[in-house]
Structure formats: structure tokens, C-alpha cells
Amino acid sequence: MGVEVNLEGKIALVTGASSGLGARFARVLALAGARVVLAARRVERLKELRAEIESEGGDAHVVALDVVDHDSIKAAVAHAETEAGPIDILVNNSGVSTTQRLVDVTPDDYEFVFRTNTRGAFFVAQEVAKRMIARAKNKPDQHARIVNIASVAGLRVLPQIGVYCMSKAAVVQMTKAMALEWGRYGINVNAICPGYIRTEINDQHFDSEAGQKLVQMLPRRRVGEPADLDGLLLLLTCDESRFINGAIITADDGHSVF
Ligand SMILES: NC(=O)c1ccc[n+]([C@@H]2O[C@H](COP(=O)([O-])OP(=O)(O)OC[C@H]3O[C@@H](n4cnc5c(N)ncnc54)[C@H](OP(=O)(O)O)[C@@H]3O)[C@@H](O)[C@H]2O)c1
């Protein structure tokens with residue numbers, strides 16, 4: 001018997017698709033057959049990714065989204081559904097970080113991180129879920145999926161990024177609350193907690209001496225690449241994972257075991 005992940009007929013909204021993990025998530029979902037909607041602020045980058053996905057035979061759409069702006073969230077989700085159709089899968093991935101000691105955190109730093117990572121992620125999921133819940137009335141057996149991108153930093157404290165850790169811990173708890181409340185509508189809500197993966201969020205750090213030292217302290221002395229999350233993303237978005245709800249899954253090369 002052969003088994004493969006087939007997302008044909010599914011519509012997936014990926015936030016923060018203009019770089020790093022989000023761009024990879026969109027590509028992988030498209031390769032598995034989903035129609036993807038790419039969302040972020042840097043629309044030109046999204047258009048480039050759309051062209052790449054189309055050249056690989058995929059189906060992609062672009063919507064502008066700023067997750068710190070509630071009106072933008074509502075408009076982007078509405079636009080996504082008009083362009084592509086009813087969203088089956090949300091990959092709630094947009095995120096930012098700042099690096100400093102807690103005593104140096106300014107109210108602006110705090111707002112920047114929480115407005116994007118926590119408030120933004122919450123209202124994107126809420127806006128999508130409202131539509132999924134409305135559809136559940138006519139389609140009680142739907143296989144809707146929300147995958148929140150948290151972090152190992154939401155489970156353990158890492159130096160210099162305390163506020164980021166706090167914001168991602170909130171995403172972990174948010175995931176469980178959503179799973180509890182929305183599971184009955186056929187919406188599975190789970191979180192991926194990646195370890196260190198080289199993207200624009202941390203590129204400069206890993207090029208620095210401090211970053212290189214950090215890598216030497218990791219169990220396998222390496223950071224990951226976005227493709228290292230492919231398997232977990234496909235697991236959490238496919239119909240066959242219908243019994244996984246409220247799970248917080250690390251994909252961190254063993255970082256959080258010590
Ligand atoms: N890389 C890692 O080691 C790692 C580990 C654990 C968790 N994560 C999480 O993974 C997610 C993706 O991060 P990444 O590593 O891929 O970093 P990245 O390359 O910097 O990507 C961040 C994405 O978030 C988007 N974004 C930021 N602010 C936004 C806003 N206000 N509205 C809409 N989109 C916004 C950016 O798009 P625009 O600037 O175009 O809007 C960009 O596409 C984040 O939630 C991050 O916390 C990353």
C-alpha cells in the first residue's frame with residue numbers, strides 16, 4: 001500500500017510567506033497540491049514566490065497583510081477567500097524578534113513583538129476560524145487546520161530574547177485554547193515549535209561570534225534549514241492527522257531536551 005500526502009482541493013493561507021519559513025511552508029503545501037495564498041507586507045516578494053510556485057506547476061495567490069492592523073487582517077482574509085476560495089488550512093507564521101536584556105526592553109520593543117507574534121497571530125486565527133465555524137454548519141465533517149508557528153522559545157527561556165519567549169509562550173497557550181473551543185467544528189489547531197533555523201530573523205546573529213558559539217552548544221552543533229519542517233507541516237495539515245488537536249510539537253534537533 002502506498003501512502004502520500006495529498007492536499008489537492010485544499011486552500012491554504014500562509015502568513016509571513018515573504019521569507020524564511022513561511023516561503024518554504026507555502027512551497028511545500030503547493031507541491032502537495034494545495035492552492036496557496038501568500039500573505040505578508042512585502043508584496044513584491046510574494047509575487048516572486050508566486051511566480052516560482054507557478055513555474056513548479058502550483059497554484060498561488062498574493063494578498064497584502066499587516067498583522068498589527070486589525071482592518072488589514074479582515075481585508076486580507078476576505079481577499080484570500082474571494083481570490084482562492086474557502087480557507088481549509090491556515091499556517092499562522094508571521095513573527096518578529098528583538099534581542100536585548102530584559103532591563104533594556106523599551107515599551108516600543110515590547111509592543112512590536114507582542115503586537116505581531118501574539119495579538120497578530122490571535123486575530124488572524126480568529127478571523128479565519130469565524131469563517132471555518134460558519135461553514136461547519138453545512139459541513140460538520142470538515143478537516144480544517146490551523147498551524148500556529150510558536151518556537152522552542154515558547155517552551156524554554158533563551159538568553160537575550162526574553163520578550164520573544166514570552167510572546168511565543170502565549171502562542172502555545174493560545175493554541176490549546178483554540179483547540180479546545182474550535183475542535184467541535186472540525187478545526188484542528190496545533191503548534192510547531194521550531195528550534196534554530198537559519199532565516200532572515202536570525203541570519204546576522206548566526207554570522208556573529210556569539211552566534212557561532214551558540215551553534216557549538218546545540219546537541220548536533222548545527223542549525224536547521226526551512227525544509228527541515230516539511231514533514232511536520234504536512235502531517236499537521238493532512239486529513240490523516242484528524243486525531244491530533246491541541247498538540248505542541250517541537251522540531252528542534254533535540255535542543256529542548258537538555
Ligand atoms: N528561524 C527560526 O529559528 C525560528 C525558530 C522558531 C520560530 N520561528 C518563527 O517562525 C516564524 C517565521 O520566522 P522566520 O524565521 O521565517 O523569519 P523571517 O524570515 O524574518 O520571516 C518573518 C515573516 O513574518 C512576516 N511579518 C513580520 N511582521 C509582519 C506583519 N506585521 N504583518 C505580516 N507579516 C509580518 C514577514 O513578512 P513581511 O516583512 O513581508 O511582512 C516575514 O515573511 C516566526 O513566527 C518566528 O518567530 C523561527
# chains A, B, ... in the order shown; residues from 1 in each chain; ligands from 1

$ select_by_dssp --residues "segment 10-146 of chain A" --states "strand (DSSP E)" --output "VMD selection string"
chain A and resid 11 to 15 35 to 40 59 to 64 89 to 92 144 to 146

$ write_last_selection --atoms "C-alpha atoms" --output "PDB file, in the first residue's frame"
ATOM      1  CA  ILE A  11      -6.889  26.097   0.114  1.00  0.00           C
ATOM      2  CA  ALA A  12      -4.107  27.226   2.411  1.00  0.00           C
ATOM      3  CA  LEU A  13      -3.370  30.718   3.727  1.00  0.00           C
ATOM      4  CA  VAL A  14       0.249  31.193   4.806  1.00  0.00           C
ATOM      5  CA  THR A  15       1.129  34.379   6.693  1.00  0.00           C
ATOM      6  CA  ARG A  35      -3.857  26.189  -3.695  1.00  0.00           C
ATOM      7  CA  VAL A  36      -1.853  28.622  -1.569  1.00  0.00           C
ATOM      8  CA  VAL A  37      -2.497  32.228  -0.630  1.00  0.00           C
ATOM      9  CA  LEU A  38       0.701  34.082   0.200  1.00  0.00           C
ATOM     10  CA  ALA A  39       0.304  36.898   2.738  1.00  0.00           C
ATOM     11  CA  ALA A  40       2.714  39.472   4.198  1.00  0.00           C
ATOM     12  CA  ASP A  59      -1.366  27.482  -7.814  1.00  0.00           C
ATOM     13  CA  ALA A  60      -0.628  30.605  -5.756  1.00  0.00           C
ATOM     14  CA  HIS A  61      -2.298  33.926  -4.961  1.00  0.00           C
ATOM     15  CA  VAL A  62      -0.965  37.039  -3.249  1.00  0.00           C
ATOM     16  CA  VAL A  63      -2.625  39.193  -0.606  1.00  0.00           C
ATOM     17  CA  ALA A  64      -1.204  42.119   1.352  1.00  0.00           C
ATOM     18  CA  ILE A  89      -5.612  25.458   6.193  1.00  0.00           C
ATOM     19  CA  LEU A  90      -4.071  28.428   7.984  1.00  0.00           C
ATOM     20  CA  VAL A  91      -0.352  28.487   8.636  1.00  0.00           C
ATOM     21  CA  ASN A  92      -0.137  31.303  11.173  1.00  0.00           C
ATOM     22  CA  ALA A 144      -9.930  22.389   8.790  1.00  0.00           C
ATOM     23  CA  ARG A 145      -6.434  23.001  10.106  1.00  0.00           C
ATOM     24  CA  ILE A 146      -4.713  25.849  11.909  1.00  0.00           C
TER      25      ILE A 146
END

$ residues_around --residues "segment 214-219 of chain A" --least-positions-apart "5" --cutoff "8 Å" --atoms "only C-alpha atoms" --output "VMD selection string"
chain A and resid 206 253 to 255

$ write_last_selection --atoms "N, CA and C atoms" --output "short mmCIF file (atom, residue, chain, number, x, y, z; two decimals), in the first residue's frame"
data_model
loop_
_atom_site.label_atom_id
_atom_site.label_comp_id
_atom_site.auth_asym_id
_atom_site.auth_seq_id
_atom_site.Cartn_x
_atom_site.Cartn_y
_atom_site.Cartn_z
N PHE A 206 23.69 34.44 13.52
CA PHE A 206 24.47 33.22 13.29
C PHE A 206 25.79 33.51 12.57
N ASP A 253 15.77 19.52 16.58
CA ASP A 253 17.03 18.76 16.53
C ASP A 253 17.51 18.37 17.94
N GLY A 254 16.57 18.31 18.89
CA GLY A 254 16.93 17.89 20.25
C GLY A 254 17.31 19.03 21.19
N HIS A 255 17.18 20.26 20.71
CA HIS A 255 17.61 21.42 21.51
C HIS A 255 16.93 21.48 22.88
#

$ closest_residue --among "A:Arg101, A:Tyr185, A:Phe112, A:Ala121" --to "Pro140 of chain A" --atoms "only C-alpha atoms"
A:Tyr185

$ closest_atom_pairs --of "segment 191-252 of chain A" --to "segment 161-169 of chain A" --cutoff "12 Å" --atoms "only C-alpha atoms" --output "Markdown table"
| residue | atom | partner | partner_atom | distance |
| --- | --- | --- | --- | --- |
| A:Ala191 | CA | A:Lys168 | CA | 10.3 |
| A:Ile192 | CA | A:Lys168 | CA | 10.8 |
| A:Cys193 | CA | A:Lys168 | CA | 9.0 |
| A:Pro194 | CA | A:Lys168 | CA | 11.1 |
| A:Ile201 | CA | A:Tyr164 | CA | 11.9 |
| A:Asn202 | CA | A:Ile161 | CA | 11.5 |
| A:Ile248 | CA | A:Ala169 | CA | 10.8 |

$ residues_near_ligand --ligand "ligand 1" --cutoff "8 Å" --atoms "only C-alpha atoms and all ligand atoms" --output "PyMOL selection string"
chain A and resi 15-23+39-43+45-46+65-69+92-97+116-117+120+149-153+164+168+193-202+223-224+226

$ select_by_dssp --residues "segment 37-217 of chain A" --states "helix (DSSP H, G or I)" --output "MDAnalysis selection string"
chainID A and resid 43:55 70:84 102:104 107:136 152:154 162:185 203:207 209:217

$ residues_around --residues "Arg184 of chain A" --least-positions-apart "2" --cutoff "10 Å" --atoms "only C-alpha atoms" --output "list in words"
Ile133, Ala136, Pro140, Asp141, Ala179, Leu180, Glu181, Trp182, Gly186, Ile187 and Asn188 of chain A

$ closest_residue --among "A:Arg119, A:Asp88, A:Leu235, A:Thr99" --to "Lys139 of chain A" --atoms "only C-alpha atoms"
A:Asp88

$ atom_distance --atom1 "atom CA of Thr82 of chain A" --atom2 "atom CA of Leu7 of chain A"
19.7 Å

$ closest_residue --among "A:Val3, A:Leu155, A:Ala51, A:Met174" --to "Arg27 of chain A" --atoms "only C-alpha atoms"
A:Ala51

$ closest_residue --among "A:Lys176, A:Ala78, A:Asn190, A:Gln212" --to "Leu236 of chain A" --atoms "only C-alpha atoms"
A:Asn190

$ atom_distance --atom1 "atom CA of Ala34 of chain A" --atom2 "atom CA of Cys238 of chain A"
10.4 Å

$ atom_distance --atom1 "atom CA of Arg24 of chain A" --atom2 "atom CA of Asp230 of chain A"
8.1 Å

$ closest_residue --among "A:Ala251, A:Leu232, A:Val77, A:Leu49" --to "Val124 of chain A" --atoms "only C-alpha atoms"
A:Val77

$ closest_residue --among "A:Ala177, A:Ile87, A:Ile244, A:Ile73" --to "Glu127 of chain A" --atoms "only C-alpha atoms"
A:Ile73
